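Engineer: Take this structure first; my questions come after.
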Amino acid sequence: MGFGDLKSAAGLRVLNDFLADKSYIEGYVPSQADIAVFEAIAGPPPAELFHALRWYNHIKSYEKQKASLPGVKKALGKYGPADVEDTTGAATDSKDDDDIDLFGSDDEEESEEAKKLREERLAQYESKKSKKPAVVAKSSILLDVKPWDDETDMAKLEECVRSIQADGLVWGSSKLVPVGYGIKKLQIQCVVEDDKVGTDMLEERITAFEDYVQSMDVAAFNKI
């Protein structure tokens, strides 16, 4: 569990993914968990990591009240996605691997005890390698969903969009953006697993709500 090094680009990407469907690190209000993670970041995340940047700017606004926020700060490695390896301990893991003698002693008269110890360490090493999670290719997508006119019920339109459920699809934050003549479009974020969900499928499913949706465009597409 953990975000890894939040001063690195990789760590910030993990944070951005984590916040795709969350407003805060823990719970539904700002807490000491947010302050702990905020203080581990060198500065504002880049614009393309819009989930992390949104959260960063929001937590920054609590700077004067941070001491009064609820909760107790924990070690940074206690926060973050459970399925991401905490790279803050990578150096220790590497040292453990280096300590394993894969080939044993050159002594031809290796004792039974030494042989047994070597085999146990080999088994531990293989077990550790097999438990490392497989990398899943994901993308962060920002969609523009346009209504027919200014009389379209935008709350109902967003409800229809969010009703689309699929394995590998997570909806994120959204907002209404004026486009002119009193018409507003829905701008909504989502994170998808590339092997399971594509933009063609999203467009087909969203535009099927033809009573509300005129068209759908991809405003931003970033590989994670």
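Residues are named by chain letter and number: chains run A, B, ... in the order of the structure tokens, numbers start at 1 in each chain, and ligands are numbered from 1 in the order shown.
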Applying 12 Å and only C-alpha atoms, which residues near Met201 of chain A remain after dropping the ones on its own chain fewer than 6 positions away? List them as a list of chain:residue names.
Structural biologist: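 Close residues of Met201 of chain A: A:Ile164, A:Gln165, A:Ala166, A:Leu169, A:Val192, A:Asp194, A:Asp195, A:Thr207, A:Ala208, A:Met216.
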Engineer: Go ahead and dump the residues you just picked, N, CA, C and O atoms, as a JSON list (two decimals), in the first residue's frame.
Structural biologist:
[["chain", "number", "residue", "atom", "x", "y", "z"],
["A", 164, "ILE", "N", -24.00, 4.42, -16.90],
["A", 164, "ILE", "CA", -23.24, 3.46, -17.72],
["A", 164, "ILE", "C", -22.19, 2.80, -16.84],
["A", 164, "ILE", "O", -21.29, 3.45, -16.31],
["A", 165, "GLN", "N", -22.30, 1.52, -16.66],
["A", 165, "GLN", "CA", -21.36, 0.75, -15.83],
["A", 165, "GLN", "C", -20.69, -0.32, -16.68],
["A", 165, "GLN", "O", -21.33, -0.94, -17.52],
["A", 166, "ALA", "N", -19.39, -0.50, -16.45],
["A", 166, "ALA", "CA", -18.65, -1.53, -17.18],
["A", 166, "ALA", "C", -17.43, -1.90, -16.38],
["A", 166, "ALA", "O", -16.88, -1.08, -15.62],
["A", 169, "LEU", "N", -14.23, 0.58, -15.84],
["A", 169, "LEU", "CA", -14.66, 1.97, -16.01],
["A", 169, "LEU", "C", -14.99, 2.58, -14.65],
["A", 169, "LEU", "O", -15.79, 2.02, -13.90],
["A", 192, "VAL", "N", -10.26, 4.47, -17.39],
["A", 192, "VAL", "CA", -10.64, 3.19, -17.99],
["A", 192, "VAL", "C", -9.42, 2.27, -18.09],
["A", 192, "VAL", "O", -8.28, 2.73, -18.16],
["A", 194, "ASP", "N", -7.54, 0.03, -20.51],
["A", 194, "ASP", "CA", -7.49, 0.08, -21.97],
["A", 194, "ASP", "C", -7.98, -1.20, -22.64],
["A", 194, "ASP", "O", -8.58, -1.15, -23.72],
["A", 195, "ASP", "N", -7.73, -2.35, -22.01],
["A", 195, "ASP", "CA", -8.12, -3.62, -22.62],
["A", 195, "ASP", "C", -9.62, -3.89, -22.52],
["A", 195, "ASP", "O", -10.13, -4.80, -23.18],
["A", 207, "THR", "N", -24.29, 8.38, -26.45],
["A", 207, "THR", "CA", -25.19, 8.97, -27.45],
["A", 207, "THR", "C", -26.48, 8.18, -27.62],
["A", 207, "THR", "O", -27.41, 8.64, -28.26],
["A", 208, "ALA", "N", -26.54, 6.99, -27.00],
["A", 208, "ALA", "CA", -27.79, 6.22, -27.04],
["A", 208, "ALA", "C", -28.89, 6.92, -26.26],
["A", 208, "ALA", "O", -30.08, 6.68, -26.49],
["A", 216, "MET", "N", -20.96, 13.54, -28.31],
["A", 216, "MET", "CA", -19.91, 13.37, -27.32],
["A", 216, "MET", "C", -18.55, 13.52, -27.97],
["A", 216, "MET", "O", -18.33, 12.96, -29.06]]
Engineer: Need the shell around segment 11-25 of chain A: protein/DNA/RNA residues with any atom at most 6 Å away, counting only C-alpha atoms. Skip same-chain ones fewer than 4 positions apart. Format as a short mmCIF file (atom, residue, chain, number, x, y, z; two decimals) with all heavy atoms, in the first residue's frame?
Structural biologist:
data_model
loop_
_atom_site.label_atom_id
_atom_site.label_comp_id
_atom_site.auth_asym_id
_atom_site.auth_seq_id
_atom_site.Cartn_x
_atom_site.Cartn_y
_atom_site.Cartn_z
N PHE A 3 1.63 5.45 -2.05
CA PHE A 3 1.77 6.19 -3.30
C PHE A 3 3.19 6.09 -3.86
O PHE A 3 3.42 6.39 -5.01
CB PHE A 3 1.46 7.67 -3.06
CG PHE A 3 0.04 7.92 -2.65
CD1 PHE A 3 -0.27 8.39 -1.39
CD2 PHE A 3 -1.00 7.68 -3.54
CE1 PHE A 3 -1.58 8.63 -1.02
CE2 PHE A 3 -2.31 7.91 -3.17
CZ PHE A 3 -2.60 8.38 -1.90
N GLY A 4 4.16 5.69 -3.04
CA GLY A 4 5.55 5.73 -3.47
C GLY A 4 6.12 7.12 -3.21
O GLY A 4 5.69 7.84 -2.32
N ASP A 5 7.10 7.50 -4.00
CA ASP A 5 7.77 8.79 -3.85
C ASP A 5 6.92 9.87 -4.52
O ASP A 5 6.88 9.97 -5.74
CB ASP A 5 9.17 8.73 -4.48
CG ASP A 5 9.92 10.04 -4.30
OD1 ASP A 5 9.38 10.96 -3.64
OD2 ASP A 5 11.05 10.15 -4.81
N LEU A 6 6.26 10.70 -3.71
CA LEU A 6 5.38 11.73 -4.26
C LEU A 6 6.12 12.92 -4.83
O LEU A 6 5.50 13.84 -5.34
CB LEU A 6 4.40 12.19 -3.17
CG LEU A 6 3.29 11.19 -2.87
CD1 LEU A 6 2.50 11.60 -1.65
CD2 LEU A 6 2.37 11.03 -4.06
N ASP A 34 -4.98 14.09 4.39
CA ASP A 34 -4.72 14.98 3.25
C ASP A 34 -3.49 15.85 3.52
O ASP A 34 -2.67 16.07 2.61
CB ASP A 34 -5.93 15.88 3.00
CG ASP A 34 -7.15 15.09 2.57
OD1 ASP A 34 -7.21 14.70 1.40
OD2 ASP A 34 -8.02 14.85 3.41
N LEU A 49 -2.27 16.10 -14.81
CA LEU A 49 -2.73 15.29 -13.68
C LEU A 49 -3.82 16.08 -12.96
O LEU A 49 -3.67 16.52 -11.83
CB LEU A 49 -1.56 14.96 -12.75
CG LEU A 49 -0.38 14.22 -13.40
CD1 LEU A 49 0.71 13.94 -12.38
CD2 LEU A 49 -0.83 12.92 -14.05
N HIS A 51 -6.75 15.45 -11.62
CA HIS A 51 -7.34 15.01 -10.36
C HIS A 51 -6.45 15.44 -9.19
O HIS A 51 -6.93 15.98 -8.19
CB HIS A 51 -7.51 13.49 -10.34
CG HIS A 51 -8.37 12.96 -11.43
ND1 HIS A 51 -9.68 13.35 -11.62
CD2 HIS A 51 -8.10 12.07 -12.43
CE1 HIS A 51 -10.18 12.72 -12.66
NE2 HIS A 51 -9.24 11.94 -13.17
N ALA A 52 -5.15 15.18 -9.33
CA ALA A 52 -4.21 15.52 -8.26
C ALA A 52 -4.11 17.04 -8.09
O ALA A 52 -4.05 17.54 -6.96
CB ALA A 52 -2.82 14.93 -8.56
N GLY A 172 -15.38 9.92 -12.66
CA GLY A 172 -14.78 10.86 -11.74
C GLY A 172 -15.60 12.13 -11.60
O GLY A 172 -16.83 12.10 -11.68
#
Engineer: Under the rule that only C-alpha atoms are counted, which of A:Leu117, A:Ala36, A:Val197, A:Ile188 is the nearest residue to Ser139 of chain A?
Structural biologist: A:Val197
Engineer: Need to verify the contact set: segment 140-148 of chain A, 7 Å, only C-alpha atoms, exclusion of same-chain residues closer than 4 positions in sequence. Can you return it as a ChimeraX atom specification?
Structural biologist: /A:152,185-192,212-224
Engineer: Just the number, please: distance in Å from atom CA of Glu204 of chain A to atom CA of Trp171 of chain A, one decimal.
Structural biologist: 16.5 Å
Engineer: So what do you get for atom CA of Cys160 of chain A versus atom CA of Gly180 of chain A, distance-wise?
Structural biologist: 23.0 Å
Engineer: Skip Pro44 of chain A itself and residues of its chain fewer than 3 positions away, then list as a VMD selection string all residues within 10 Å of it, counting only C-alpha atoms.
Structural biologist: chain A and resid 12 38 41 47 49 52 to 57 60
Engineer: Generate a file of the selected residues that holds C-alpha atoms, formatted as a JSON list (two decimals), in the first residue's frame.
Structural biologist:
[["chain", "number", "residue", "atom", "x", "y", "z"],
["A", 12, "LEU", "CA", 2.17, 11.78, -8.68],
["A", 38, "PHE", "CA", 0.08, 17.30, 0.74],
["A", 41, "ILE", "CA", 4.57, 16.79, -2.49],
["A", 47, "ALA", "CA", -1.88, 20.29, -15.39],
["A", 49, "LEU", "CA", -2.73, 15.29, -13.68],
["A", 52, "ALA", "CA", -4.21, 15.52, -8.26],
["A", 53, "LEU", "CA", -4.02, 19.24, -9.13],
["A", 54, "ARG", "CA", -7.67, 19.79, -8.16],
["A", 55, "TRP", "CA", -7.09, 18.08, -4.82],
["A", 56, "TYR", "CA", -3.78, 19.94, -4.23],
["A", 57, "ASN", "CA", -5.36, 23.37, -4.76],
["A", 60, "LYS", "CA", -3.86, 24.26, -0.02]]
Engineer: Determine the nearest neighbour of Gly43 of chain A from the options A:Leu122, A:Val29, A:Val179, A:Ala9, counting only C-alpha atoms.
Structural biologist: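 Among A:Leu122, A:Val29, A:Val179, A:Ala9, it is A:Ala9 that comes nearest to Gly43 of chain A.
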Engineer: Rounded to one decimal, what separation in Å do you get between atom CA of Leu69 of chain A and atom CA of Lys175 of chain A?
Structural biologist: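 Result for atom CA of Leu69 of chain A versus atom CA of Lys175 of chain A: 27.0 Å, one decimal.
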Engineer: Check chain A with DSSP on the backbone and list each residue it calls strand (DSSP E or B), as a PyMOL selection string.
Structural biologist: chain A and resi 138-147+169-180+183-193+213-223
